[in-house]
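Here is the file coords_38.cif (mmCIF, C-alpha atoms).
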```cif
data_query
loop_
_atom_site.label_atom_id
_atom_site.label_comp_id
_atom_site.auth_asym_id
_atom_site.auth_seq_id
_atom_site.Cartn_x
_atom_site.Cartn_y
_atom_site.Cartn_z
CA MET S 149 15.93 13.06 -3.01
CA THR S 150 16.38 14.59 0.42
CA ALA S 151 13.55 16.56 1.90
CA ASP S 152 13.12 19.13 4.64
CA PRO S 153 11.55 16.98 7.37
CA THR S 154 9.70 19.93 8.90
CA LEU S 155 8.02 20.77 5.63
CA ALA S 156 7.33 17.10 4.97
CA VAL S 157 5.64 16.76 8.36
CA GLN S 158 3.47 19.75 7.53
CA LEU S 159 2.57 18.26 4.15
CA ILE S 160 1.53 14.97 5.75
CA ARG S 161 -0.70 16.86 8.18
CA GLN S 162 -2.30 18.67 5.26
CA VAL S 163 -2.77 15.38 3.42
CA ALA S 164 -4.53 14.04 6.51
CA ASN S 165 -6.99 16.91 5.99
CA ARG S 166 -7.54 15.78 2.40
CA ASP S 167 -5.41 18.53 0.84
CA ARG S 168 -4.69 17.31 -2.69
CA ASP S 169 -2.13 20.01 -3.41
CA ALA S 170 -0.16 18.89 -0.38
CA PHE S 171 -0.47 15.31 -1.57
CA SER S 172 0.91 16.35 -4.94
CA GLN S 173 3.87 18.08 -3.26
CA LEU S 174 4.49 15.09 -1.01
CA TYR S 175 4.50 12.83 -4.05
CA ASP S 176 6.98 15.10 -5.83
CA ARG S 177 9.28 14.97 -2.82
CA PHE S 178 9.19 11.25 -2.12
CA SER S 179 8.15 9.41 -5.29
CA THR S 180 11.70 9.04 -6.59
CA LEU S 181 12.84 7.71 -3.25
CA VAL S 182 10.02 5.14 -3.10
CA PHE S 183 10.34 4.17 -6.73
CA THR S 184 14.11 3.69 -6.47
CA LEU S 185 13.68 1.41 -3.49
CA ALA S 186 10.84 -0.45 -5.22
CA MET S 187 12.96 -1.02 -8.32
CA ARG S 188 15.80 -2.40 -6.22
CA MET S 189 13.50 -4.73 -4.31
CA LEU S 190 11.06 -5.86 -7.00
CA LYS S 191 13.33 -5.58 -10.04
CA ALA S 192 10.50 -5.16 -12.57
CA ARG S 193 9.43 -1.65 -13.50
CA ALA S 194 5.73 -2.54 -13.71
CA ASP S 195 5.80 -4.02 -10.21
CA ALA S 196 7.71 -1.04 -8.88
CA GLU S 197 5.20 1.38 -10.37
CA ASP S 198 2.32 -0.62 -8.89
CA LEU S 199 4.03 -0.48 -5.52
CA LEU S 200 4.63 3.25 -5.82
CA GLN S 201 0.95 3.79 -6.48
CA GLU S 202 -0.09 1.54 -3.59
CA VAL S 203 2.25 3.31 -1.18
CA PHE S 204 0.89 6.75 -1.99
CA VAL S 205 -2.71 5.57 -1.86
CA GLN S 206 -1.92 4.23 1.62
CA ILE S 207 -0.36 7.57 2.53
CA TRP S 208 -3.50 9.35 1.33
CA ARG S 209 -5.72 7.06 3.36
CA GLN S 210 -3.60 6.84 6.50
CA ALA S 211 -1.84 10.19 6.74
CA GLN S 212 -3.71 10.88 9.96
CA SER S 213 -1.92 7.93 11.56
CA TYR S 214 1.51 9.53 11.08
CA ASN S 215 3.11 10.71 14.31
CA ALA S 216 6.15 12.95 13.92
CA GLU S 217 7.34 11.95 17.39
CA ARG S 218 7.64 8.34 16.25
CA GLY S 219 9.88 8.94 13.27
CA SER S 220 10.72 11.12 10.32
CA PRO S 221 8.44 11.33 7.29
CA GLU S 222 11.13 9.65 5.22
CA ALA S 223 11.46 6.71 7.59
CA TRP S 224 7.65 6.38 7.78
CA ILE S 225 7.24 6.37 4.02
CA ILE S 226 10.18 4.05 3.46
CA ASN S 227 8.81 1.69 6.08
CA ILE S 228 5.45 1.58 4.29
CA ALA S 229 7.18 0.92 0.98
CA ARG S 230 9.48 -1.78 2.37
CA SER S 231 6.65 -3.55 4.17
CA ARG S 232 4.58 -3.67 1.01
CA ALA S 233 7.53 -4.69 -1.14
CA ILE S 234 8.45 -7.48 1.27
CA ASP S 235 4.83 -8.69 1.28
CA LYS S 236 4.96 -8.86 -2.51
CA ILE S 237 8.34 -10.60 -2.58
CA ARG S 238 7.21 -13.19 -0.04
CA SER S 239 3.90 -13.69 -1.81
CA ILE S 240 5.70 -14.34 -5.08
CA ARG S 241 8.13 -16.63 -3.29
CA ARG S 242 5.32 -18.64 -1.74
CA ARG S 243 3.52 -18.87 -5.06
CA GLU S 244 6.48 -19.82 -7.15
CA LYS S 245 8.33 -21.78 -4.46
CA SER S 246 11.50 -20.34 -5.83
CA PHE S 247 12.88 -16.98 -6.70
CA VAL S 248 15.89 -15.38 -8.29
CA LEU S 249 17.91 -13.21 -6.01
CA THR S 250 19.74 -10.36 -7.63
CA ASP S 251 23.17 -10.09 -6.10
CA ASP S 252 24.12 -7.39 -8.52
CA PRO S 253 22.54 -4.12 -7.39
CA SER S 254 23.48 -2.53 -10.69
CA ARG S 255 20.51 -4.31 -12.22
CA ALA S 256 18.34 -1.81 -10.46
CA GLU S 257 20.47 1.12 -11.43
CA SER S 258 19.50 2.05 -14.93
CA SER S 259 21.44 4.92 -16.40
CA ASP S 260 18.28 6.57 -17.63
CA ASN S 261 15.90 8.47 -15.39
CA VAL S 262 18.75 9.48 -13.16
CA GLU S 263 18.14 12.35 -10.82
CA SER S 264 21.32 14.31 -10.51
CA SER S 265 20.69 16.57 -7.58
CA ALA S 266 23.81 17.44 -5.65
CA ALA S 267 22.12 16.66 -2.34
CA ALA S 268 21.14 13.19 -3.48
CA SER S 269 24.58 12.53 -4.84
CA GLU S 270 26.16 13.67 -1.62
CA ALA S 271 23.86 11.47 0.42
CA ARG S 272 24.66 8.52 -1.83
CA LEU S 273 28.34 9.12 -1.45
CA THR S 274 28.01 9.29 2.30
CA MET S 275 25.99 6.11 2.47
CA ASN S 276 28.09 4.29 -0.07
CA SER S 277 31.08 5.24 1.98
CA ALA S 278 29.34 4.04 5.11
CA LEU S 279 28.47 0.76 3.49
CA ALA S 280 31.92 0.44 2.00
CA ASN S 281 33.34 0.69 5.49
CA LEU S 282 31.31 -2.29 6.60
CA PRO S 283 32.98 -5.68 6.40
CA ALA S 284 31.62 -7.52 3.37
CA PRO S 285 29.83 -10.25 5.37
CA GLN S 286 27.97 -7.61 7.40
CA ARG S 287 27.06 -5.64 4.31
CA LYS S 288 25.84 -8.78 2.59
CA VAL S 289 23.39 -9.78 5.33
CA LEU S 290 22.04 -6.24 5.61
CA GLU S 291 21.42 -6.05 1.87
CA LEU S 292 19.79 -9.48 1.77
CA ALA S 293 17.41 -8.48 4.55
CA TYR S 294 16.80 -4.87 3.61
CA PHE S 295 16.55 -5.03 -0.16
CA ASP S 296 15.58 -8.65 -0.78
CA GLY S 297 13.24 -9.18 2.14
CA LEU S 298 14.91 -12.30 3.46
CA THR S 299 14.49 -13.26 7.09
CA GLN S 300 17.38 -14.23 9.32
CA THR S 301 16.59 -17.94 8.82
CA GLU S 302 16.39 -17.58 5.06
CA ILE S 303 19.69 -15.72 4.97
CA ALA S 304 21.32 -18.43 7.09
CA GLU S 305 20.05 -21.06 4.64
CA ARG S 306 21.09 -19.06 1.61
CA LEU S 307 24.59 -18.41 2.87
CA ALA S 308 24.88 -21.82 4.53
CA GLU S 309 25.96 -20.17 7.76
CA PRO S 310 24.75 -20.78 11.34
CA LEU S 311 21.79 -18.63 12.36
CA GLY S 312 23.77 -17.22 15.27
CA THR S 313 26.46 -16.02 12.91
CA ILE S 314 23.91 -14.26 10.75
CA LYS S 315 22.36 -12.54 13.76
CA THR S 316 25.75 -11.36 14.95
CA ARG S 317 26.60 -9.97 11.54
CA MET S 318 23.28 -8.20 11.29
CA ARG S 319 23.60 -6.59 14.67
CA SER S 320 27.21 -5.62 14.11
CA GLY S 321 26.32 -4.12 10.75
CA ILE S 322 23.41 -2.17 12.19
CA GLN S 323 25.50 -0.88 15.07
CA ARG S 324 28.24 0.22 12.70
CA LEU S 325 25.68 1.99 10.55
CA ARG S 326 24.19 3.75 13.53
CA GLU S 327 27.61 4.85 14.69
CA MET S 328 28.57 6.11 11.26
CA LEU S 329 25.25 7.92 10.89
CA GLY S 330 25.42 9.39 14.33
CA THR S 331 22.32 7.52 15.44
CA GLN S 332 23.44 6.11 18.71
CA ALA S 333 21.67 3.25 20.41
CA VAL S 334 19.54 3.94 23.43
CA MET U 123 20.03 -1.80 30.81
CA ASN U 124 20.05 -5.30 32.22
CA GLY U 125 21.05 -8.46 30.41
CA GLU U 126 17.50 -9.56 29.79
CA HIS U 127 16.67 -6.31 28.12
CA GLU U 128 19.82 -6.39 26.09
CA ASN U 129 18.45 -9.58 24.57
CA TRP U 130 15.21 -7.79 23.66
CA ARG U 131 17.18 -4.97 22.09
CA ALA U 132 19.16 -7.43 20.03
CA GLN U 133 15.94 -8.87 18.70
CA GLY U 134 14.58 -5.38 18.17
CA GLU U 135 17.38 -4.46 15.83
CA ILE U 136 16.78 -7.51 13.68
CA TYR U 137 13.04 -6.83 13.90
CA ALA U 138 13.60 -3.29 12.61
CA LEU U 139 15.49 -4.76 9.70
CA GLY U 140 12.47 -6.95 8.96
CA ALA U 141 14.48 -10.14 9.35
CA LEU U 142 13.18 -11.49 12.64
CA ASP U 143 11.04 -14.58 12.13
CA GLY U 144 9.47 -17.60 13.80
CA GLN U 145 8.95 -17.75 17.54
CA GLU U 146 11.36 -14.87 18.14
CA LEU U 147 9.17 -12.62 16.02
CA LYS U 148 6.04 -13.57 17.96
CA GLU U 149 7.75 -13.06 21.28
CA PHE U 150 9.22 -9.72 20.33
CA GLU U 151 5.92 -8.44 18.93
CA ALA U 152 4.26 -9.45 22.19
CA HIS U 153 7.01 -7.64 24.10
CA LEU U 154 6.49 -4.50 22.01
CA ALA U 155 2.74 -4.76 22.50
CA SER U 156 3.33 -4.82 26.26
CA GLY U 157 4.48 -1.21 25.88
CA CYS U 158 8.26 -1.38 26.29
CA ALA U 159 9.33 2.20 25.58
CA LEU U 160 13.02 1.28 25.38
CA CYS U 161 12.48 -1.29 22.65
CA GLU U 162 10.06 0.93 20.79
CA ALA U 163 12.64 3.71 20.75
CA SER U 164 15.38 1.31 19.70
CA VAL U 165 13.29 -0.05 16.82
CA ARG U 166 12.44 3.48 15.73
CA GLU U 167 16.04 4.64 15.77
CA THR U 168 17.24 1.55 13.96
CA ARG U 169 14.63 2.12 11.27
CA GLU U 170 15.75 5.71 10.92
CA ALA U 171 19.30 4.53 10.29
CA LEU U 172 18.25 1.73 7.97
CA ALA U 173 15.94 4.02 6.00
CA LEU U 174 19.05 5.76 4.76
CA LEU U 175 20.25 2.60 3.04
CA HIS U 176 18.19 3.42 -0.02
CA ARG U 177 20.46 6.39 -0.60
CA THR U 178 23.16 4.01 -1.74
CA LEU U 179 21.03 3.46 -4.84
CA GLN U 180 21.12 5.50 -8.00
CA PRO U 181 17.80 7.42 -8.01
CA MET U 182 15.27 6.38 -10.60
CA THR U 183 12.35 8.51 -11.64
CA PRO U 184 8.92 6.92 -12.12
CA SER U 185 6.77 7.52 -15.13
CA THR U 186 4.81 10.77 -14.96
CA SER U 187 1.62 8.81 -15.69
CA ILE U 188 1.76 7.33 -12.18
CA LYS U 189 1.11 10.67 -10.57
CA ALA U 190 -1.76 11.36 -12.96
CA ARG U 191 -3.32 7.99 -12.07
CA LEU U 192 -2.87 8.65 -8.37
CA VAL U 193 -4.47 12.07 -8.53
CA GLU U 194 -7.39 10.56 -10.42
CA GLN U 195 -7.67 7.72 -7.94
CA ILE U 196 -7.74 9.86 -4.82
CA ALA U 197 -10.22 12.19 -6.47
CA ALA U 198 -12.44 9.22 -7.23
CA GLU U 199 -12.33 8.00 -3.65
CA LYS U 200 -14.68 10.77 -2.71
CA VAL U 201 -18.23 9.50 -2.44
CA VAL U 202 -20.36 10.16 -5.48
CA PRO U 203 -24.00 9.93 -4.39
CA LEU U 204 -26.49 9.30 -7.14
CA PRO U 205 -29.62 11.42 -7.56
CA THR U 206 -32.33 10.45 -5.10
CA ARG U 207 -35.44 8.87 -6.51
CA GLU U 208 -38.23 6.78 -5.04
CA ARG U 209 -38.07 3.20 -6.08
CA LEU U 210 -39.59 0.04 -4.71
CA PRO U 211 -37.22 -2.77 -3.88
CA ARG U 212 -37.03 -5.17 -6.78
CA PRO U 213 -37.18 -8.93 -6.47
CA ARG U 214 -33.83 -10.64 -6.92
CA TRP U 215 -35.00 -12.40 -10.09
CA GLN U 216 -35.43 -9.05 -11.78
CA ILE U 217 -31.89 -8.11 -10.94
CA LEU U 218 -30.67 -11.42 -12.23
CA ALA U 219 -32.61 -10.91 -15.44
CA GLY U 220 -30.91 -7.60 -16.16
CA THR U 221 -28.97 -7.68 -19.39
CA LEU U 222 -25.54 -6.27 -20.01
CA ALA U 223 -27.05 -3.72 -22.37
CA ALA U 224 -29.46 -2.51 -19.74
CA GLY U 225 -26.63 -2.24 -17.30
CA ILE U 226 -24.58 -0.23 -19.70
CA ILE U 227 -27.46 2.10 -20.55
CA GLY U 228 -28.28 2.51 -16.89
CA ALA U 229 -24.70 3.23 -16.03
CA VAL U 230 -24.38 5.76 -18.82
CA LEU U 231 -27.61 7.49 -17.81
CA THR U 232 -26.44 7.52 -14.24
CA GLY U 233 -23.19 9.02 -15.37
CA VAL U 234 -25.06 11.71 -17.28
CA LEU U 235 -27.20 12.50 -14.26
CA VAL U 236 -24.17 12.61 -12.05
CA THR U 237 -22.46 14.97 -14.44
CA GLN U 238 -25.46 17.26 -14.75
CA ARG U 239 -26.03 17.42 -11.04
CA TYR U 240 -22.45 17.30 -9.86
CA GLU U 241 -20.47 19.14 -12.49
CA PRO U 242 -17.13 18.95 -10.59
CA ARG U 243 -17.37 15.18 -10.84
CA HIS U 244 -17.14 15.27 -14.59
CA SER U 245 -13.92 13.28 -14.43
CA VAL U 246 -15.79 10.39 -12.83
CA TYR U 247 -18.37 10.47 -15.60
CA THR U 248 -15.61 10.43 -18.20
CA ALA U 249 -13.90 7.56 -16.46
CA VAL U 250 -17.11 5.52 -16.39
CA ILE U 251 -17.70 6.15 -20.08
CA ASP U 252 -14.14 5.05 -20.83
CA LEU U 253 -14.72 1.93 -18.82
CA LEU U 254 -17.88 1.15 -20.76
CA ARG U 255 -16.15 1.73 -24.07
CA ASP U 256 -13.60 -0.95 -23.25
CA PRO U 257 -14.93 -4.30 -24.49
CA SER U 258 -12.98 -6.13 -21.80
CA THR U 259 -14.90 -4.35 -19.01
CA ARG U 260 -17.22 -6.70 -17.15
CA ASP U 261 -20.59 -5.70 -15.77
CA LEU U 262 -21.54 -7.76 -12.73
CA PRO U 263 -24.65 -7.62 -10.61
CA LEU U 264 -24.23 -7.32 -6.84
CA TYR U 265 -26.64 -9.11 -4.54
CA GLY U 266 -27.68 -8.08 -1.06
CA THR U 267 -26.75 -10.56 1.61
CA GLY U 268 -26.43 -10.86 5.40
CA PRO U 269 -28.03 -7.90 7.17
CA THR U 270 -29.02 -6.17 3.91
CA PRO U 271 -30.83 -8.69 1.67
CA LYS U 272 -32.65 -5.91 -0.18
CA ALA U 273 -29.48 -4.14 -1.24
CA ALA U 274 -28.35 -4.45 -4.84
CA GLY U 275 -25.78 -2.98 -7.15
CA ARG U 276 -23.61 -3.25 -10.19
CA PHE U 277 -19.87 -3.51 -10.54
CA LEU U 278 -18.14 -2.40 -13.71
CA TRP U 279 -14.69 -3.92 -13.66
CA ASN U 280 -11.68 -3.90 -15.92
CA GLU U 281 -8.71 -6.12 -15.15
CA SER U 282 -6.46 -3.07 -15.51
CA GLY U 283 -7.58 -2.33 -11.97
CA GLU U 284 -10.20 0.26 -12.79
CA GLY U 285 -13.85 -0.14 -11.94
CA HIS U 286 -16.98 1.57 -10.74
CA ILE U 287 -19.51 0.33 -8.23
CA PHE U 288 -23.13 1.48 -7.99
CA VAL U 289 -25.27 0.46 -5.03
CA THR U 290 -28.89 0.93 -4.12
CA ASN U 291 -31.11 0.05 -1.15
CA LEU U 292 -28.06 0.02 1.09
CA PRO U 293 -28.81 1.88 4.35
CA ALA U 294 -26.24 4.41 5.51
CA ALA U 295 -23.49 2.83 7.59
CA PRO U 296 -23.96 3.25 11.36
CA GLU U 297 -21.79 5.68 13.33
CA GLY U 298 -18.20 4.41 13.48
CA LYS U 299 -18.75 2.01 10.61
CA MET U 300 -18.11 2.15 6.88
CA TYR U 301 -18.82 0.08 3.81
CA ALA U 302 -15.56 -1.34 2.46
CA VAL U 303 -15.29 -2.55 -1.13
CA TRP U 304 -13.13 -5.62 -1.81
CA THR U 305 -11.88 -7.36 -4.91
CA ILE U 306 -11.00 -11.02 -4.59
CA ALA U 307 -8.73 -12.66 -7.16
CA GLN U 308 -8.35 -16.39 -7.56
CA GLY U 309 -6.30 -17.83 -4.72
CA ALA U 310 -5.66 -14.41 -3.21
CA ALA U 311 -6.81 -12.59 -0.12
CA PRO U 312 -9.50 -9.92 -0.47
CA ARG U 313 -8.00 -6.60 -1.50
CA TYR U 314 -9.39 -3.31 -0.27
CA ALA U 315 -10.60 -1.13 -3.14
CA GLY U 316 -12.19 1.81 -1.36
CA THR U 317 -14.99 2.97 0.88
CA ILE U 318 -18.48 3.61 -0.36
CA ALA U 319 -21.12 5.70 1.39
CA THR U 320 -24.80 5.92 0.60
CA ASP U 321 -27.29 8.74 0.71
CA ALA U 322 -30.66 8.85 2.41
CA ALA U 323 -32.15 6.72 -0.35
CA GLY U 324 -29.52 4.06 0.12
CA GLN U 325 -27.75 4.89 -3.10
CA GLY U 326 -24.09 5.53 -3.76
CA GLY U 327 -21.26 5.07 -6.18
CA LEU U 328 -17.51 4.82 -6.11
CA HIS U 329 -14.93 4.93 -8.85
CA ILE U 330 -12.09 2.52 -8.24
CA ASN U 331 -8.56 2.54 -9.51
CA VAL U 332 -6.22 0.02 -7.94
CA PRO U 333 -3.08 -1.70 -9.19
CA ARG U 334 -3.70 -4.66 -11.50
CA SER U 335 -3.97 -8.03 -9.74
CA ASP U 336 -1.71 -10.90 -10.63
CA GLN U 337 -4.77 -13.07 -11.12
CA PRO U 338 -8.17 -12.13 -12.58
CA VAL U 339 -10.60 -10.83 -10.00
CA GLU U 340 -13.39 -13.36 -9.50
CA THR U 341 -15.52 -11.90 -6.76
CA PHE U 342 -16.49 -8.44 -5.62
CA ALA U 343 -17.86 -7.78 -2.19
CA VAL U 344 -18.89 -4.99 0.17
CA THR U 345 -18.61 -5.48 3.91
CA LEU U 346 -19.61 -3.39 6.90
CA GLU U 347 -16.44 -2.54 8.80
CA PRO U 348 -15.21 -0.36 11.65
CA VAL U 349 -13.93 2.92 10.18
CA GLY U 350 -10.34 2.58 9.03
CA THR U 351 -10.43 -1.14 8.29
CA THR U 352 -8.51 -1.71 5.08
CA ALA U 353 -6.18 -4.65 5.72
CA ALA U 354 -8.76 -7.42 5.54
CA PRO U 355 -12.53 -7.77 5.86
CA THR U 356 -13.72 -8.46 9.38
CA GLY U 357 -17.40 -7.54 9.31
CA PRO U 358 -20.55 -8.92 7.71
CA MET U 359 -20.84 -9.03 3.94
CA VAL U 360 -23.65 -6.80 2.65
CA LEU U 361 -23.19 -7.15 -1.11
CA VAL U 362 -21.48 -9.78 -3.19
CA SER U 363 -21.11 -10.45 -6.90
CA LYS U 364 -21.80 -14.17 -6.62
CA LEU U 365 -24.52 -16.03 -4.79
CA THR U 366 -23.03 -18.65 -2.52
#
```

Is it possible to give me this structure as structure tokens?
Amino acid sequence: MTADPTLAVQLIRQVANRDRDAFSQLYDRFSTLVFTLAMRMLKARADAEDLLQEVFVQIWRQAQSYNAERGSPEAWIINIARSRAIDKIRSIRRREKSFVLTDDPSRAESSDNVESSAAASEARLTMNSALANLPAPQRKVLELAYFDGLTQTEIAERLAEPLGTIKTRMRSGIQRLREMLGTQAV
Amino acid sequence: MNGEHENWRAQGEIYALGALDGQELKEFEAHLASGCALCEASVRETREALALLHRTLQPMTPSTSIKARLVEQIAAEKVVPLPTRERLPRPRWQILAGTLAAGIIGAVLTGVLVTQRYEPRHSVYTAVIDLLRDPSTRDLPLYGTGPTPKAAGRFLWNESGEGHIFVTNLPAAPEGKMYAVWTIAQGAAPRYAGTIATDAAGQGGLHINVPRSDQPVETFAVTLEPVGTTAAPTGPMVLVSKLT
């Protein structure tokens, strides 16, 4: 699931020049990553596949807007996927006026279609360890925002906690993550 | 970093998480738009860290058919000009009087011509034939409106998200502009479906393959937009599937 960022940057540049082979390689490198995130956020396979397709169509159309100085290819692609997934989640929420939140991440973790690369497993272990080191309340608010697309106000309502408390937990969780990942604040 | 900016950074971290809302969101977006390099960097770095959260998930592999659909879709986004031929503009009533059968025959003949003249575009021809074979595919006339009342076209559309648009008498888009194709489902915002260009005779075609809408698409439209506009239509409508 990990990708050489230098090669990925080059592929995006080639995609911006309408290179379909590069697009194919970029898809091979990042489709599992996007699809996994989409499954976790949208729950339904059909929705996740639609999202995957939309994300890569957007990449095809907007590759020229990618700026390597403003972030890694992985962060750029994930940001596109999350933005679109959150739009869908919020649209469904507005339409249905209610939604079911999955608190059990294992729902999105089917045992089939599992990619077993050592690098991906190692990265998962590292991140799972990082998350495991977060206090549960901090982890909870990060997951609700990141994977379920809830805003700070919605999380406060859902958890019946003061908004200020939620903000503090979010910031503390983010800062801990950055420290653990070696991404220090400016 | 002073106290005031510390407050911006706090908001920036929540913004990067996608959880900032309400007035705070508006204020922070305005602050970012003012060009604060510190906050921009902070948001970027926070996103980099957060982007790694997905690695806590067990990877799941999408169906291989998705890639095939994508490759087909991006190939179809290339403009497929139709063969040039002289033709007088037809009155609107003639367009309205066109039957589904005529549309189908015309589309098939067009597909044949496209294939003969543009052999590499055979996949588009095949896709159009497949669309026509499907009894659930709709064939809708497009009417010129706004700055291009003489324009006309047809829209083959299947609710699976696949379609094909043919246009005629549509002048080439001016420099810096493009013709954007939109599908509009009931109660939903217009959804960008691609960009169509026309040749010297004002003719063009575009094969469309977008994800299925939650609701049936009711209206199809083409608008003249600044190049790169895909989020929402902003320019004048030049073709529409319904007369309003």

Using all atoms listed in the file and a distance of at most 9 Å, pull out the residues of chain U that contact chain S, as an NGL selection string. :U and (132-133 or 135-136 or 139-144 or 160-161 or 163-164 or 166-185 or 188-189 or 191-193 or 195-197 or 332-334 or 350)

Determine the nearest neighbour of U:Val339 from the options U:Phe277, U:Trp130, U:Tyr301, U:Tyr137, counting only C-alpha atoms. U:Phe277

Set the distance at 10 Å and use only C-alpha atoms: which residues neighbour U:Gln308 once local chain neighbours fewer than 2 positions away are removed? I'd like the list as a list in words.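 My list of contacting residues is Ile306, Ala310, Ala311, Pro312, Ser335, Asp336, Gln337, Pro338, Val339, Glu340 and Thr341 of chain U.
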
For the provided coordinates, the residues matched by the PyMOL selection byres ((chain U and resi 320) around 10) should be stated as a list in words. Val201, Val202, Pro203, Leu204, Phe288, Val289, Thr290, Asn291, Leu292, Pro293, Ala294, Ala295, Met300, Tyr301, Ile318, Ala319, Asp321, Ala322, Ala323, Gly324, Gln325, Gly326, Gly327 and Leu328 of chain U

Given the file shown, enumerate the residues that the PyMOL selection byres ((chain U and resi 347) around 6) captures and present them as an MDAnalysis selection string. chainID U and resid 299:300 346 348 357

For stretch 193-199 of chain S, I'd like the enclosing box, axis-aligned and padded by 5 Å on every side, reported as lines of an AutoDock Vina configuration file with centre and edge lengths in Å to one decimal.
```
center_x = 5.9
center_y = -1.3
center_z = -9.6
size_x = 17.1
size_y = 15.4
size_z = 18.2
```

Could you state the separation of atom CA of U:Thr317 and atom CA of U:Glu284 in Å, given to one decimal place?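 Computed distance, atom CA of U:Thr317 to atom CA of U:Glu284, equals 14.7 Å.
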
Run through the PyMOL selection byres ((chain S and resi 157) around 12) on the given coordinates and return the selected residues as JSON, numbers by chain. {"S": [151, 152, 153, 154, 155, 156, 158, 159, 160, 161, 162, 163, 164, 170, 171, 173, 174, 177, 211, 212, 214, 215, 216, 217, 218, 219, 220, 221, 222, 223, 224, 225]}

Could you take the residues named above and write them with C-alpha atoms, as a PDB file, in the coordinates of the input?
```
ATOM      1  CA  ALA S 151      13.550  16.560   1.900  1.00  0.00           C
ATOM      2  CA  ASP S 152      13.120  19.130   4.640  1.00  0.00           C
ATOM      3  CA  PRO S 153      11.550  16.980   7.370  1.00  0.00           C
ATOM      4  CA  THR S 154       9.700  19.930   8.900  1.00  0.00           C
ATOM      5  CA  LEU S 155       8.020  20.770   5.630  1.00  0.00           C
ATOM      6  CA  ALA S 156       7.330  17.100   4.970  1.00  0.00           C
ATOM      7  CA  GLN S 158       3.470  19.750   7.530  1.00  0.00           C
ATOM      8  CA  LEU S 159       2.570  18.260   4.150  1.00  0.00           C
ATOM      9  CA  ILE S 160       1.530  14.970   5.750  1.00  0.00           C
ATOM     10  CA  ARG S 161      -0.700  16.860   8.180  1.00  0.00           C
ATOM     11  CA  GLN S 162      -2.300  18.670   5.260  1.00  0.00           C
ATOM     12  CA  VAL S 163      -2.770  15.380   3.420  1.00  0.00           C
ATOM     13  CA  ALA S 164      -4.530  14.040   6.510  1.00  0.00           C
ATOM     14  CA  ALA S 170      -0.160  18.890  -0.380  1.00  0.00           C
ATOM     15  CA  PHE S 171      -0.470  15.310  -1.570  1.00  0.00           C
ATOM     16  CA  GLN S 173       3.870  18.080  -3.260  1.00  0.00           C
ATOM     17  CA  LEU S 174       4.490  15.090  -1.010  1.00  0.00           C
ATOM     18  CA  ARG S 177       9.280  14.970  -2.820  1.00  0.00           C
ATOM     19  CA  ALA S 211      -1.840  10.190   6.740  1.00  0.00           C
ATOM     20  CA  GLN S 212      -3.710  10.880   9.960  1.00  0.00           C
ATOM     21  CA  TYR S 214       1.510   9.530  11.080  1.00  0.00           C
ATOM     22  CA  ASN S 215       3.110  10.710  14.310  1.00  0.00           C
ATOM     23  CA  ALA S 216       6.150  12.950  13.920  1.00  0.00           C
ATOM     24  CA  GLU S 217       7.340  11.950  17.390  1.00  0.00           C
ATOM     25  CA  ARG S 218       7.640   8.340  16.250  1.00  0.00           C
ATOM     26  CA  GLY S 219       9.880   8.940  13.270  1.00  0.00           C
ATOM     27  CA  SER S 220      10.720  11.120  10.320  1.00  0.00           C
ATOM     28  CA  PRO S 221       8.440  11.330   7.290  1.00  0.00           C
ATOM     29  CA  GLU S 222      11.130   9.650   5.220  1.00  0.00           C
ATOM     30  CA  ALA S 223      11.460   6.710   7.590  1.00  0.00           C
ATOM     31  CA  TRP S 224       7.650   6.380   7.780  1.00  0.00           C
ATOM     32  CA  ILE S 225       7.240   6.370   4.020  1.00  0.00           C
TER      33      ILE S 225
END
```

Which distance in Å separates atom CA of U:Thr351 and atom CA of U:Tyr314, to one decimal? 8.9 Å

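For the pair atom CA of U:Gly275 and atom CA of U:Val362, the separation is 9.0 Å.
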